[in-house]
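Below: one structure, written as structure tokens.
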Amino acid sequence: MYSSRIPVVVLFLYCVFLVVSGVQRLTLTPDQGTALNISNQVKGSQCKVCLGARCRFDTSLLLKENTPSVVEFDCPRPEDVFKVEIIRNIECTARSCISDIMQTDSDSSTQLEFHRTFTWNLKASAPKAIQVDFTKGGLRQISPSANCPDRHTYTLKAFQVSGIVVIGKYCRGGPISATQILNEGSFSLDVPSRLKVQRDQFGVSVGEEIKSLAKITVSLPHRSSSIELLSPNFPESFPDDDVMEWHFHIEAKYKATIEFLNITQPRCLKKETAAEYHSKGRQALVLGLTDTQPVINQGDNSLTLRNCEMDRRRAGSPGLSLKLNVSSFKASSPVLCYVDLRKLKVLSLHLERLRSASECEMKMNSTTMENITVSSGSVTQLSFQDCLRQDVLVTASGVIGCTQFQDCPKFPVPLSVPSLPKCLPAPLSAVTWALRPPLHGTVELKSLIGPLQQHLPEQPCNDSLITLIEDDKTTVARLCPQGAIQKVQIHTNISVTVTRRKGQALTPTVKPMLMASLKEEIAERYIFTVFPQKNTPILLATPGWPAGMESYATVSWIVSLPPKTEVHLMFVNLSQPKCANRHTNIRVQRMDSLEEDYSRREDEEAEEVSVSENFYLNMSNCMPERGDFKVITKLTLRKSTNMLLVTIASVVAALVLLFIIVLVVVCFVIKKKKKKLEHQVSIYNPNGTNFQPGRNGFPKSREDNESHVYASIEDTLVYTHLLRKGAEMGVYTESDTYRPVTGQTETHKLPVSKDGGNMEVGVYQEYPLSQQQAPPLPKRPPSHTFVDNVIYQSQPSLEEHSNEIGPRLEPEGGN
């Protein structure tokens, strides 16, 4: 057997960065049997990695050949975008494996700039498993979201036919001494950029014939301790109808207890979930996951977790997941524990024995006690013998108060969960602070862990729970992170208790959860300051929910809105009492307004309301005769509508519409008047040539025209009365008789109408005028006038006639 090293120095035999116009070039040479994978770890990044003509920005670039490869990045800092994975395959035969796992780094600083993952793919020879030993320092399991102090994080995976199963995530230093994987799996080390890998070595060998997907060996230390283990794929489901095994080695004169926490059980189609205990010389013990688990004696013991065939047909059907808390203690021997509370000047520690039938014995200063209190600021020696976790309740409490405002703390007091010695038989389960302001004073609480929400059936809290309780045991509110409440003010004494749901242990907090201040009197009994967030409805319940508010109690919510938003209020759960004195009131009022936007009493029906500015939501109770006053208000934030712009746009649209209507009416009236004022012009067509007066011509249609049409003009018809009168006077002779002229008599043509085919020769026709001015009449001698389709010749006086009369000429074209 030989050791296979996967240091970056071997992979990066020649590593040079060239910065030319924002492009960096890196020459890489993977080791023999090693692959190098460069992948993008920043979603949406456009930075590309290129190998020759092949470029990638959303996928990975894999290098396998043991030859130098020039890789180019088209961004100035590729180490912020890409991560490098160094992959090595380790196979085992039925007797041995080709190499151990060696983790080491190079002396070069170039590769330190990248986020690196060292992955060893492990393959066993059936039916044997492949085993990795951590005997040098051991590992300890952490939750998937946690990080290791030295930032060296290990991950163990098993490759199954159904997919990849994450056995766990681990840090260096712990009781886990070995692991065995069935068939195939992987072991990886994740190191952030700019951090040099710490040298270490893990042995790889042929394992046992196992029937579970993996087997974890846990060697508990030779002292009282407690560790936490997780089911595979936690917090997701353990694989369907599969088995996981933990092997525990317990030192002589020690025992261990196992407790299942955060259990999520599936709906089973076949078989049942179960925990099987095996120990040397004893029969197997099979228990349900919710049963009380046994005490494990010294020596080698194993725990097998079995899953059933789960019903996953329904969407959201839960799977199997749980935490295992393993605690070891010395059998029939007291465990000494020193508790130092000198840094905790406010909090005192309380230990209470829960089960009288248990064999737990607690002592303080060599005195056996059922309940122990360690005062704040003191150092105390305690001892515990045969005390299990479920035998003892550990809590902490403190008082913050003053009788005069000048004696109150000048600055806000931090409220945080303290860190306690691990030698205690049970972890801290609750912390309580009693806040006592002066008479008529106010307690003010500000959240430092983000805005809070109220714990309600429609809005449950998942983890930590902050409970506010008055001296008369009235619960004001139950709060937890991820909400919209940033500040709470209460005009009375109050107790603040921090716990975790389902009795889980509290985790020490690095920074305070709340900041408490004792201040002057406020106008209301309760005031909540709320900052709603977009796309997240908020539920606000009256103090005391699900019980009603106290008589005459008042509460206000100061709601501040983000810019360009409005909030919609719905009173989704409202209970009104019958009042014996006064009335209940629900009131909404904008901060910059003296008028109420909304107000309802108990005898009025509540309605929904929308507010587009910062506002107060005030509620007050009456003296109930029967029933309770309690309300849950739902606040939904949405984009606001600019009512001023809407109003202006509406007015403008109305004016435009009115203008169009008036314009249409005026045009209609004018057109109608013009049509009535149209007059007619008589046109004479003497020789068969059609013409049109004016530029635009006459209408082409002559429907309903009743003009008189003449084929020819006879003297007897046109000039009869004139000739007769002239003859009587002796003016005309027979030679003066007018005769119709035939043929063309003019040398030029008048304008011809396009509708000439519809006009007849020798016709007087009436044409309606267009909107333009009527055409001018043709020039003719002043002695002739058209009147009513009859040609008159002005009659000269007898004197003129006698002097100027001459021989008659034949008319040329009828003049």
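How things are named: the first chain in the structure tokens is A, the next is B, and so on; residues count from 1 in each chain; ligands count from 1 in the order shown.
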Considering only C-alpha atoms, return as a PyMOL selection string whatever protein or nucleic-acid residues lie within 6 Å of Thr153 of chain A, sequence-local ones (same chain, fewer than 5 positions apart) excluded. chain A and resi 171+189-190
Contacts of Phe134 of chain A at 10 Å (only C-alpha atoms; same-chain gap of 4+ positions) as an mmCIF file with N, CA, C and O atoms, in the first residue's frame:
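Printed below is around05.cif as written:
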```cif
data_model
loop_
_atom_site.group_PDB
_atom_site.id
_atom_site.type_symbol
_atom_site.label_atom_id
_atom_site.label_comp_id
_atom_site.auth_asym_id
_atom_site.auth_seq_id
_atom_site.Cartn_x
_atom_site.Cartn_y
_atom_site.Cartn_z
ATOM 1 N N GLY A 138 -10.402 12.263 15.584
ATOM 2 C CA GLY A 138 -11.843 12.065 15.596
ATOM 3 C C GLY A 138 -12.599 13.200 14.933
ATOM 4 O O GLY A 138 -12.056 14.281 14.652
ATOM 5 N N LEU A 139 -13.868 12.959 14.690
ATOM 6 C CA LEU A 139 -14.767 13.961 14.112
ATOM 7 C C LEU A 139 -15.991 14.089 14.998
ATOM 8 O O LEU A 139 -16.328 13.190 15.761
ATOM 9 N N ARG A 172 -13.455 18.688 12.773
ATOM 10 C CA ARG A 172 -12.338 17.977 13.404
ATOM 11 C C ARG A 172 -12.510 17.984 14.917
ATOM 12 O O ARG A 172 -13.010 18.927 15.508
ATOM 13 N N GLY A 173 -12.070 16.896 15.545
ATOM 14 C CA GLY A 173 -12.089 16.802 16.995
ATOM 15 C C GLY A 173 -13.414 16.345 17.545
ATOM 16 O O GLY A 173 -14.319 17.150 17.732
ATOM 17 N N GLY A 174 -13.575 15.033 17.822
ATOM 18 C CA GLY A 174 -14.833 14.537 18.353
ATOM 19 C C GLY A 174 -14.771 13.053 18.600
ATOM 20 O O GLY A 174 -13.746 12.391 18.383
ATOM 21 N N PRO A 175 -15.881 12.467 19.031
ATOM 22 C CA PRO A 175 -15.885 11.047 19.416
ATOM 23 C C PRO A 175 -16.068 10.081 18.242
ATOM 24 O O PRO A 175 -15.987 8.872 18.449
ATOM 25 N N ILE A 176 -16.349 10.565 17.032
ATOM 26 C CA ILE A 176 -16.544 9.666 15.885
ATOM 27 C C ILE A 176 -15.168 9.207 15.410
ATOM 28 O O ILE A 176 -14.349 10.009 14.943
ATOM 29 N N SER A 177 -14.911 7.906 15.533
ATOM 30 C CA SER A 177 -13.574 7.377 15.251
ATOM 31 C C SER A 177 -13.463 6.678 13.906
ATOM 32 O O SER A 177 -12.349 6.496 13.396
ATOM 33 N N ALA A 178 -14.567 6.257 13.300
ATOM 34 C CA ALA A 178 -14.498 5.556 12.020
ATOM 35 C C ALA A 178 -15.872 5.554 11.363
ATOM 36 O O ALA A 178 -16.904 5.781 12.019
ATOM 37 N N THR A 179 -15.833 5.253 10.056
ATOM 38 C CA THR A 179 -17.085 5.107 9.311
ATOM 39 C C THR A 179 -16.891 4.040 8.251
ATOM 40 O O THR A 179 -15.787 3.872 7.708
ATOM 41 N N ASP A 200 -3.252 16.457 7.342
ATOM 42 C CA ASP A 200 -3.877 15.375 8.096
ATOM 43 C C ASP A 200 -3.881 14.117 7.234
ATOM 44 O O ASP A 200 -3.654 14.182 6.016
ATOM 45 N N GLN A 201 -4.147 12.994 7.879
ATOM 46 C CA GLN A 201 -4.170 11.714 7.177
ATOM 47 C C GLN A 201 -5.248 10.837 7.771
ATOM 48 O O GLN A 201 -5.423 10.762 8.988
ATOM 49 N N PHE A 202 -6.017 10.178 6.873
ATOM 50 C CA PHE A 202 -7.069 9.251 7.289
ATOM 51 C C PHE A 202 -6.832 7.922 6.583
ATOM 52 O O PHE A 202 -6.675 7.859 5.356
ATOM 53 N N GLY A 203 -6.823 6.856 7.379
ATOM 54 C CA GLY A 203 -6.593 5.534 6.805
ATOM 55 C C GLY A 203 -7.819 5.008 6.096
ATOM 56 O O GLY A 203 -8.960 5.167 6.560
ATOM 57 N N VAL A 204 -7.577 4.338 4.950
ATOM 58 C CA VAL A 204 -8.647 3.717 4.162
ATOM 59 C C VAL A 204 -8.354 2.220 4.088
ATOM 60 O O VAL A 204 -7.245 1.814 3.707
ATOM 61 N N THR A 217 -18.914 4.643 13.854
ATOM 62 C CA THR A 217 -18.382 4.195 15.143
ATOM 63 C C THR A 217 -18.133 5.406 16.030
ATOM 64 O O THR A 217 -17.426 6.344 15.642
#
```
Please provide the set of residues having any atom within 7 Å of Asp300 of chain A, restricted to only C-alpha atoms, with same-chain residues fewer than 3 positions apart removed, written as a PyMOL selection string. chain A and resi 248-250+279
Nearby residues (only C-alpha atoms) at most 7 Å from Ser556 of chain A, same-chain spacing under 4 positions excluded, as a compact mmCIF listing (two decimals) with all heavy atoms, in the first residue's frame:
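New file result_32.txt:
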```
# COMPACT_ATOMS: atom_id res chain seq x y z
N GLU A 524 -50.76 54.62 26.42
CA GLU A 524 -51.49 53.36 26.30
C GLU A 524 -50.89 52.33 27.27
O GLU A 524 -49.80 52.51 27.80
CB GLU A 524 -51.39 52.83 24.86
CG GLU A 524 -51.71 53.84 23.79
CD GLU A 524 -53.18 54.18 23.71
OE1 GLU A 524 -53.98 53.42 24.28
OE2 GLU A 524 -53.52 55.21 23.10
N TYR A 526 -50.34 49.15 26.18
CA TYR A 526 -49.41 48.42 25.32
C TYR A 526 -49.23 49.20 24.03
O TYR A 526 -50.20 49.71 23.44
CB TYR A 526 -49.95 47.02 24.96
CG TYR A 526 -50.50 46.23 26.13
CD1 TYR A 526 -51.87 46.18 26.37
CD2 TYR A 526 -49.66 45.52 26.98
CE1 TYR A 526 -52.40 45.46 27.43
CE2 TYR A 526 -50.17 44.79 28.04
CZ TYR A 526 -51.54 44.76 28.26
OH TYR A 526 -52.05 44.05 29.30
N ILE A 527 -48.00 49.27 23.54
CA ILE A 527 -47.70 49.89 22.24
C ILE A 527 -46.72 48.97 21.50
O ILE A 527 -45.67 48.61 22.03
CB ILE A 527 -47.09 51.30 22.39
CG1 ILE A 527 -48.09 52.25 23.06
CG2 ILE A 527 -46.67 51.86 21.03
CD1 ILE A 527 -47.55 53.66 23.26
N PHE A 528 -47.09 48.63 20.27
CA PHE A 528 -46.22 47.83 19.41
C PHE A 528 -45.82 48.68 18.20
O PHE A 528 -46.70 49.30 17.57
CB PHE A 528 -46.95 46.57 18.92
CG PHE A 528 -47.33 45.61 20.01
CD1 PHE A 528 -48.50 45.79 20.75
CD2 PHE A 528 -46.53 44.52 20.30
CE1 PHE A 528 -48.86 44.92 21.75
CE2 PHE A 528 -46.88 43.63 21.31
CZ PHE A 528 -48.04 43.83 22.04
N TYR A 616 -51.79 54.98 13.05
CA TYR A 616 -52.00 54.34 14.34
C TYR A 616 -53.19 53.41 14.24
O TYR A 616 -54.23 53.77 13.66
CB TYR A 616 -52.28 55.37 15.44
CG TYR A 616 -51.22 56.42 15.62
CD1 TYR A 616 -51.41 57.70 15.14
CD2 TYR A 616 -50.04 56.13 16.30
CE1 TYR A 616 -50.45 58.68 15.31
CE2 TYR A 616 -49.08 57.11 16.48
CZ TYR A 616 -49.29 58.39 15.98
OH TYR A 616 -48.32 59.34 16.15
N LEU A 617 -53.05 52.22 14.79
CA LEU A 617 -54.19 51.31 14.97
C LEU A 617 -54.42 51.18 16.46
O LEU A 617 -53.60 50.60 17.18
CB LEU A 617 -53.88 49.95 14.34
CG LEU A 617 -54.91 48.84 14.60
CD1 LEU A 617 -56.28 49.22 14.07
CD2 LEU A 617 -54.44 47.51 14.01
N ASN A 618 -55.50 51.78 16.95
CA ASN A 618 -55.80 51.83 18.38
C ASN A 618 -57.02 50.97 18.70
O ASN A 618 -58.00 50.97 17.94
CB ASN A 618 -56.07 53.27 18.83
CG ASN A 618 -54.89 54.18 18.54
OD1 ASN A 618 -53.75 53.77 18.63
ND2 ASN A 618 -55.18 55.43 18.17
N MET A 619 -56.95 50.26 19.81
CA MET A 619 -58.09 49.47 20.29
C MET A 619 -58.23 49.66 21.79
O MET A 619 -57.22 49.75 22.50
CB MET A 619 -57.91 47.98 19.95
CG MET A 619 -57.85 47.68 18.48
SD MET A 619 -57.77 45.90 18.15
CE MET A 619 -57.49 45.91 16.38
```
From atom CA of Leu122 of chain A to atom CA of Leu63 of chain A the spacing works out at 19.9 Å
Mind listing the strand (DSSP E) residues of segment 232-352 of chain A, per DSSP on the backbone, as a PyMOL selection string? chain A and resi 243-250+254-264+268-270+274-279+285-287+295-296+299-306+309-310+321-330+335-340+347-352
Same residues, C-alpha atoms, saved as a short mmCIF file (atom, residue, chain, number, x, y, z; two decimals), in the first residue's frame:
```
data_model
loop_
_atom_site.label_atom_id
_atom_site.label_comp_id
_atom_site.auth_asym_id
_atom_site.auth_seq_id
_atom_site.Cartn_x
_atom_site.Cartn_y
_atom_site.Cartn_z
CA VAL A 243 -31.15 1.07 7.54
CA MET A 244 -28.54 3.18 9.35
CA GLU A 245 -26.25 1.90 12.13
CA TRP A 246 -24.29 3.57 14.96
CA HIS A 247 -21.77 1.60 17.00
CA PHE A 248 -21.01 2.93 20.51
CA HIS A 249 -17.95 2.09 22.57
CA ILE A 250 -18.48 3.04 26.23
CA TYR A 254 -19.61 4.46 32.45
CA LYS A 255 -23.10 4.33 31.06
CA ALA A 256 -24.88 6.21 28.32
CA THR A 257 -28.41 7.30 27.53
CA ILE A 258 -29.92 7.93 24.10
CA GLU A 259 -32.72 10.40 23.51
CA PHE A 260 -34.49 11.03 20.18
CA LEU A 261 -35.27 14.69 19.48
CA ASN A 262 -37.04 16.55 16.67
CA ILE A 263 -38.67 13.34 15.47
CA THR A 264 -40.56 13.46 12.17
CA CYS A 268 -45.84 3.85 6.31
CA LEU A 269 -47.18 1.49 3.65
CA LYS A 270 -45.17 -1.51 4.81
CA ALA A 274 -38.04 1.25 14.79
CA ALA A 275 -34.86 1.45 16.87
CA GLU A 276 -32.96 -1.81 17.48
CA TYR A 277 -30.38 -2.15 20.28
CA HIS A 278 -27.73 -4.85 20.17
CA SER A 279 -25.11 -5.56 22.84
CA LEU A 285 -34.24 -4.86 21.95
CA VAL A 286 -36.71 -3.30 19.46
CA LEU A 287 -38.47 -0.07 20.45
CA VAL A 295 -29.58 2.98 29.34
CA ILE A 296 -26.53 1.59 27.53
CA GLY A 299 -18.67 -2.00 26.38
CA ASP A 300 -19.72 -2.22 22.71
CA ASN A 301 -23.31 -1.50 21.80
CA SER A 302 -25.04 -0.74 18.51
CA LEU A 303 -28.15 1.16 17.54
CA THR A 304 -29.87 0.43 14.23
CA LEU A 305 -32.42 2.89 12.84
CA ARG A 306 -34.93 1.29 10.48
CA GLU A 309 -41.69 1.79 3.09
CA MET A 310 -43.05 5.31 3.12
CA SER A 321 -35.77 12.48 10.40
CA LEU A 322 -34.48 12.84 13.96
CA LYS A 323 -31.65 13.91 16.21
CA LEU A 324 -29.89 11.57 18.64
CA ASN A 325 -28.60 12.97 21.93
CA VAL A 326 -26.10 10.58 23.51
CA SER A 327 -25.02 11.36 27.08
CA SER A 328 -22.45 9.38 29.04
CA PHE A 329 -21.96 9.42 32.80
CA LYS A 330 -19.97 7.49 35.37
CA VAL A 335 -19.64 13.93 38.88
CA LEU A 336 -18.20 17.21 40.12
CA CYS A 337 -19.24 20.39 38.38
CA TYR A 338 -18.00 23.93 39.05
CA VAL A 339 -20.48 26.66 38.10
CA ASP A 340 -18.96 30.12 37.68
CA LEU A 347 -28.88 35.81 36.19
CA SER A 348 -29.05 33.05 38.79
CA LEU A 349 -29.07 29.32 37.98
CA HIS A 350 -31.80 26.91 39.16
CA LEU A 351 -31.69 23.09 39.06
CA GLU A 352 -34.82 21.13 39.87
#
```
Atom CA of Gln160 of chain A to atom CA of Val206 of chain A, straight-line distance in Å: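 So the two atoms, atom CA of Val206 of chain A and atom CA of Gln160 of chain A, lie 18.8 Å apart.
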Which one is closest to Ala547 of chain A: A:Ser575, A:Ser226, A:Ser358, A:Thr292? Count only C-alpha atoms. A:Ser575
Non-local contacts of Thr432 of chain A (8 Å; only C-alpha atoms; under 5 positions in same chain excluded) as an mmCIF file with N, CA and C atoms, in the first residue's frame:
```cif
data_model
loop_
_atom_site.group_PDB
_atom_site.id
_atom_site.type_symbol
_atom_site.label_atom_id
_atom_site.label_comp_id
_atom_site.auth_asym_id
_atom_site.auth_seq_id
_atom_site.Cartn_x
_atom_site.Cartn_y
_atom_site.Cartn_z
ATOM 1 N N ALA A 396 -32.657 29.565 34.261
ATOM 2 C CA ALA A 396 -31.954 30.750 34.775
ATOM 3 C C ALA A 396 -32.938 31.898 34.862
ATOM 4 N N SER A 397 -32.728 32.795 35.837
ATOM 5 C CA SER A 397 -33.630 33.941 36.012
ATOM 6 C C SER A 397 -32.857 35.102 36.617
ATOM 7 N N GLY A 398 -33.417 36.295 36.416
ATOM 8 C CA GLY A 398 -32.811 37.505 36.955
ATOM 9 C C GLY A 398 -33.825 38.621 37.037
ATOM 10 N N SER A 495 -42.472 40.102 32.718
ATOM 11 C CA SER A 495 -41.439 39.068 32.733
ATOM 12 C C SER A 495 -41.217 38.590 31.299
ATOM 13 N N VAL A 496 -39.954 38.466 30.918
ATOM 14 C CA VAL A 496 -39.578 38.013 29.577
ATOM 15 C C VAL A 496 -38.927 36.644 29.715
ATOM 16 N N THR A 497 -39.524 35.626 29.088
ATOM 17 C CA THR A 497 -39.015 34.261 29.162
ATOM 18 C C THR A 497 -38.672 33.764 27.771
ATOM 19 N N VAL A 498 -37.447 33.232 27.629
ATOM 20 C CA VAL A 498 -36.982 32.681 26.356
ATOM 21 C C VAL A 498 -36.903 31.165 26.482
#
```
Please indicate the distance in Å from atom CA of Arg95 of chain A to atom CA of Ile130 of chain A, rounded to one decimal place.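 Atom CA of Ile130 of chain A lies at a distance of 10.6 Å from atom CA of Arg95 of chain A.
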Which neighbours of segment 548-554 of chain A fall inside 12 Å, counting only C-alpha atoms, when residues of the same chain fewer than 5 positions from it are skipped, and could you give them as a ChimeraX atom specification? /A:470,472,474-477,490-492,522-528,541-543,574-577,579-587,617-632
At a cut-off of 10 Å, can you tabulate as a tab-separated table every residue of segment 223-297 of chain A near segment 421-428 of chain A together with its closest atom pair and the distance in Å to one decimal, using only C-alpha atoms and ordering rows by chain then number?
```
residue	atom	partner	partner_atom	distance
A:Arg223	CA	A:Cys423	CA	9.5
A:Ser224	CA	A:Cys423	CA	6.9
A:Ser225	CA	A:Cys423	CA	7.3
A:Ser226	CA	A:Lys422	CA	8.0
```
Would you put the residues from that selection into a file with N, CA, C and O atoms, as a PDB file, in the first residue's frame?
```
ATOM      1  N   ARG A 223     -15.157  10.229  30.420  1.00  0.00           N
ATOM      2  CA  ARG A 223     -15.679  11.283  31.292  1.00  0.00           C
ATOM      3  C   ARG A 223     -17.142  11.505  30.923  1.00  0.00           C
ATOM      4  O   ARG A 223     -17.624  10.989  29.899  1.00  0.00           O
ATOM      5  N   SER A 224     -17.837  12.275  31.727  1.00  0.00           N
ATOM      6  CA  SER A 224     -19.226  12.601  31.403  1.00  0.00           C
ATOM      7  C   SER A 224     -19.247  13.551  30.208  1.00  0.00           C
ATOM      8  O   SER A 224     -18.507  14.541  30.171  1.00  0.00           O
ATOM      9  N   SER A 225     -20.073  13.225  29.245  1.00  0.00           N
ATOM     10  CA  SER A 225     -20.118  14.032  28.021  1.00  0.00           C
ATOM     11  C   SER A 225     -21.481  13.887  27.364  1.00  0.00           C
ATOM     12  O   SER A 225     -22.292  13.024  27.760  1.00  0.00           O
ATOM     13  N   SER A 226     -21.680  14.680  26.362  1.00  0.00           N
ATOM     14  CA  SER A 226     -22.927  14.632  25.597  1.00  0.00           C
ATOM     15  C   SER A 226     -22.618  15.007  24.154  1.00  0.00           C
ATOM     16  O   SER A 226     -21.913  15.996  23.899  1.00  0.00           O
TER      17      SER A 226
END
```
Quick check for you: according to DSSP on this backbone, which residues of segment 183-420 of chain A are classed as helix (DSSP H, G or I)? Reply as a list in words. Arg389, Gln390, Asp391, Phe405, Gln406 and Asp407 of chain A
Shortest interatomic distance to Pro318 of chain A - which of A:Gln283, A:Gln32, A:Ser356, A:Gln265, counting only C-alpha atoms: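 Closest to Pro318 of chain A of all the choices is A:Gln265.
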Go through segment 256-358 of chain A residue by residue and, counting only C-alpha atoms, keep those with an atom at most 6 Å from segment 385-392 of chain A; for each kept residue give the shortest atom pair and its distance in Å to one decimal, ordered by chain and increasing number, as JSON lines.
```
{"residue": "A:Ser333", "atom": "CA", "partner": "A:Gln385", "partner_atom": "CA", "distance": 5.7}
{"residue": "A:Pro334", "atom": "CA", "partner": "A:Gln385", "partner_atom": "CA", "distance": 4.2}
{"residue": "A:Glu352", "atom": "CA", "partner": "A:Val392", "partner_atom": "CA", "distance": 5.6}
{"residue": "A:Arg353", "atom": "CA", "partner": "A:Val392", "partner_atom": "CA", "distance": 4.8}
{"residue": "A:Leu354", "atom": "CA", "partner": "A:Asp391", "partner_atom": "CA", "distance": 5.3}
{"residue": "A:Arg355", "atom": "CA", "partner": "A:Asp391", "partner_atom": "CA", "distance": 5.7}
```
